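S.K.: Sending over a structure as structure tokens; questions will come in a sec.
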Amino acid sequence: MSLMKRSDLRFHWASSLVQVEHDSRILEIGCGAGLLVEKMVEHLDSGKITAIDKSPAQVAKAAQRNALSIEQGKVQLIETDFIKYQGPENIFDRVVAFNVNLFLRQATDAMQKVRSLISSTGQFILFYQFPYPVDITAAEPIIDQLEANRFKIIRKSIKKFDPTPAFCIVAARGR
């Protein structure tokens with residue numbers, strides 16, 4: 001199986017867990033080359049994806065990959081660091097991050113920023129695929145941070161991929 005097909009599988013899985021609806025308002029942090037954006041936008045009608053990445057090269061790749069969706073107004077790409085992002089508060093149904101290292105370390109500022117951006121019924125969905133084999137316990141430090149920053153864990157899951165598994169944590173704003 002080619003590398004592209006492997007990434008297609010993991011981003012197809014991730015998109016299914018985001019549960020994109022036709023009118024979803026989604027923020028993807030660290031969109032990279034726009035692979036997950038490409039999968040999520042397939043489910044949008046009146047919704048919109050805002051995708052940010054601090055790398056000009058990655059934003060250019062994402063723009064090329066998602067050119068039609070950008071032209072249709074379904075996708076907006078922004079080159080910025082997440083902490084500097086000045087997006088609208090309490091609006092996003094989903095905030096998504098796939099392999100964003102910011103959330104692997106002490107990330108209180110980033111967690112609080114996510115809390116300010118998601119709607120009262122929104123979800124924060126984090127995905128990680130480490131370059132080495134892990135089990136679901138690898139998610140525990142992130143879950144601890146989420147809970148310390150007043151997020152409620154909705155579910156966690158892991159899926160086997162070649163060469164290594166990926167896990168997902170779905171959280172909502174707690175009190």
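Every chain in the structure tokens takes a letter, A first, then B, and so on in the order presented; its residues are numbered from 1, and the ligands are numbered from 1 following the presented order.
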Which residues, written as number ranges by chain, have at least one atom at most 6 Å from range 79-90 of chain A, with only C-alpha atoms counted and residues fewer than 2 positions away on the same chain left out?

M.R.: A: 52-54, 116-119

S.K.: So which one's closest to Leu35 in chain A, A:Val134, A:Leu146, A:Ile169, A:Leu9? Using only C-alpha atoms, please.

M.R.: A:Leu9

S.K.: Nearest to Arg173 in chain A: which of A:Ala107, A:Ala60, A:Val95, A:Leu77 is it, counting only C-alpha atoms?

M.R.: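 That would be A:Val95, the residue with the smallest distance to Arg173 in chain A.
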
S.K.: Just list as an MDAnalysis selection string whatever in chain A DSSP marks as alpha helix (DSSP H).

M.R.: chainID A and resid 3:18 35:41 56:65 67:71 108:117 140:148

S.K.: Give me a file of those residues, with C-alpha atoms, as a PDB file, in the first residue's frame.

M.R.:
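Dumped everything to out.pdb:
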ATOM      1  CA  LEU A   3       2.069   6.151   1.583  1.00  0.00           C
ATOM      2  CA  MET A   4      -0.726   8.233   0.060  1.00  0.00           C
ATOM      3  CA  LYS A   5      -3.240   5.456   0.539  1.00  0.00           C
ATOM      4  CA  ARG A   6      -2.157   5.048   4.179  1.00  0.00           C
ATOM      5  CA  SER A   7      -2.744   8.726   4.866  1.00  0.00           C
ATOM      6  CA  ASP A   8      -6.070   8.554   3.040  1.00  0.00           C
ATOM      7  CA  LEU A   9      -7.155   5.801   5.431  1.00  0.00           C
ATOM      8  CA  ARG A  10      -6.214   7.675   8.588  1.00  0.00           C
ATOM      9  CA  PHE A  11      -7.755  10.944   7.412  1.00  0.00           C
ATOM     10  CA  HIS A  12     -10.917   9.131   6.300  1.00  0.00           C
ATOM     11  CA  TRP A  13     -11.102   7.622   9.813  1.00  0.00           C
ATOM     12  CA  ALA A  14     -10.451  11.010  11.411  1.00  0.00           C
ATOM     13  CA  SER A  15     -13.107  12.701   9.289  1.00  0.00           C
ATOM     14  CA  SER A  16     -15.673  10.085  10.306  1.00  0.00           C
ATOM     15  CA  LEU A  17     -14.938  10.754  13.999  1.00  0.00           C
ATOM     16  CA  VAL A  18     -15.300  14.520  13.540  1.00  0.00           C
ATOM     17  CA  LEU A  35      -5.597  16.240   3.753  1.00  0.00           C
ATOM     18  CA  LEU A  36      -8.125  16.260   6.592  1.00  0.00           C
ATOM     19  CA  VAL A  37      -9.747  19.442   5.240  1.00  0.00           C
ATOM     20  CA  GLU A  38     -10.208  17.648   1.922  1.00  0.00           C
ATOM     21  CA  LYS A  39     -11.997  14.746   3.636  1.00  0.00           C
ATOM     22  CA  MET A  40     -14.163  16.915   5.915  1.00  0.00           C
ATOM     23  CA  VAL A  41     -15.317  19.328   3.213  1.00  0.00           C
ATOM     24  CA  PRO A  56       3.673  29.043   4.525  1.00  0.00           C
ATOM     25  CA  ALA A  57       4.714  25.938   2.547  1.00  0.00           C
ATOM     26  CA  GLN A  58       1.981  23.807   4.145  1.00  0.00           C
ATOM     27  CA  VAL A  59      -0.678  26.482   3.629  1.00  0.00           C
ATOM     28  CA  ALA A  60       0.330  26.655  -0.053  1.00  0.00           C
ATOM     29  CA  LYS A  61      -0.033  22.868  -0.369  1.00  0.00           C
ATOM     30  CA  ALA A  62      -3.417  22.960   1.395  1.00  0.00           C
ATOM     31  CA  ALA A  63      -4.556  25.790  -0.903  1.00  0.00           C
ATOM     32  CA  GLN A  64      -3.605  23.793  -3.984  1.00  0.00           C
ATOM     33  CA  ARG A  65      -5.268  20.613  -2.681  1.00  0.00           C
ATOM     34  CA  ALA A  67      -8.634  25.097  -4.445  1.00  0.00           C
ATOM     35  CA  LEU A  68     -12.204  24.322  -5.532  1.00  0.00           C
ATOM     36  CA  SER A  69     -13.534  24.315  -1.954  1.00  0.00           C
ATOM     37  CA  ILE A  70     -11.817  27.655  -1.318  1.00  0.00           C
ATOM     38  CA  GLU A  71     -13.351  29.053  -4.494  1.00  0.00           C
ATOM     39  CA  THR A 108      -2.863  25.716  29.159  1.00  0.00           C
ATOM     40  CA  ASP A 109      -2.923  28.844  26.957  1.00  0.00           C
ATOM     41  CA  ALA A 110      -3.794  26.806  23.881  1.00  0.00           C
ATOM     42  CA  MET A 111      -6.477  24.835  25.738  1.00  0.00           C
ATOM     43  CA  GLN A 112      -8.059  28.053  27.016  1.00  0.00           C
ATOM     44  CA  LYS A 113      -7.993  29.502  23.501  1.00  0.00           C
ATOM     45  CA  VAL A 114      -9.786  26.406  22.186  1.00  0.00           C
ATOM     46  CA  ARG A 115     -12.403  26.787  24.948  1.00  0.00           C
ATOM     47  CA  SER A 116     -13.027  30.376  23.821  1.00  0.00           C
ATOM     48  CA  LEU A 117     -13.493  29.389  20.176  1.00  0.00           C
ATOM     49  CA  GLU A 140      -3.565   9.989  29.239  1.00  0.00           C
ATOM     50  CA  PRO A 141      -1.279  13.071  29.539  1.00  0.00           C
ATOM     51  CA  ILE A 142      -3.449  14.909  27.012  1.00  0.00           C
ATOM     52  CA  ILE A 143      -6.627  13.823  28.783  1.00  0.00           C
ATOM     53  CA  ASP A 144      -5.170  15.086  32.066  1.00  0.00           C
ATOM     54  CA  GLN A 145      -4.479  18.470  30.459  1.00  0.00           C
ATOM     55  CA  LEU A 146      -7.949  18.641  28.952  1.00  0.00           C
ATOM     56  CA  GLU A 147      -9.572  17.885  32.297  1.00  0.00           C
ATOM     57  CA  ALA A 148      -7.311  20.380  34.101  1.00  0.00           C
TER      58      ALA A 148
END

S.K.: Find, counting only C-alpha atoms, the residue in A:Gln76, A:Asn101, A:Ser46, A:Ser24 that gets nearest to Phe127 in chain A.

M.R.: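 Result for the nearest residue to Phe127 in chain A: A:Asn101.
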
S.K.: Enter the distance from CA of Phe124 in chain A to CA of Val96 in chain A, in Å, rounded to one decimal.

M.R.: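 The value is 6.0 Å.
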
S.K.: Take CA of Ala166 in chain A and CA of Asp45 in chain A and report the distance between them in Å, one decimal.

M.R.: 28.5 Å

S.K.: So what do you get for CA of Gly122 in chain A versus CA of Leu102 in chain A, distance-wise?

M.R.: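 Distance reported for this atom pair: 20.4 Å.
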
S.K.: Compile the contact shell of Asp23 in chain A as number ranges by chain: residues with an atom at most 10 Å away, counting only C-alpha atoms, same-chain residues fewer than 2 positions apart removed.

M.R.: A: 20-21, 25-26, 43-48, 93
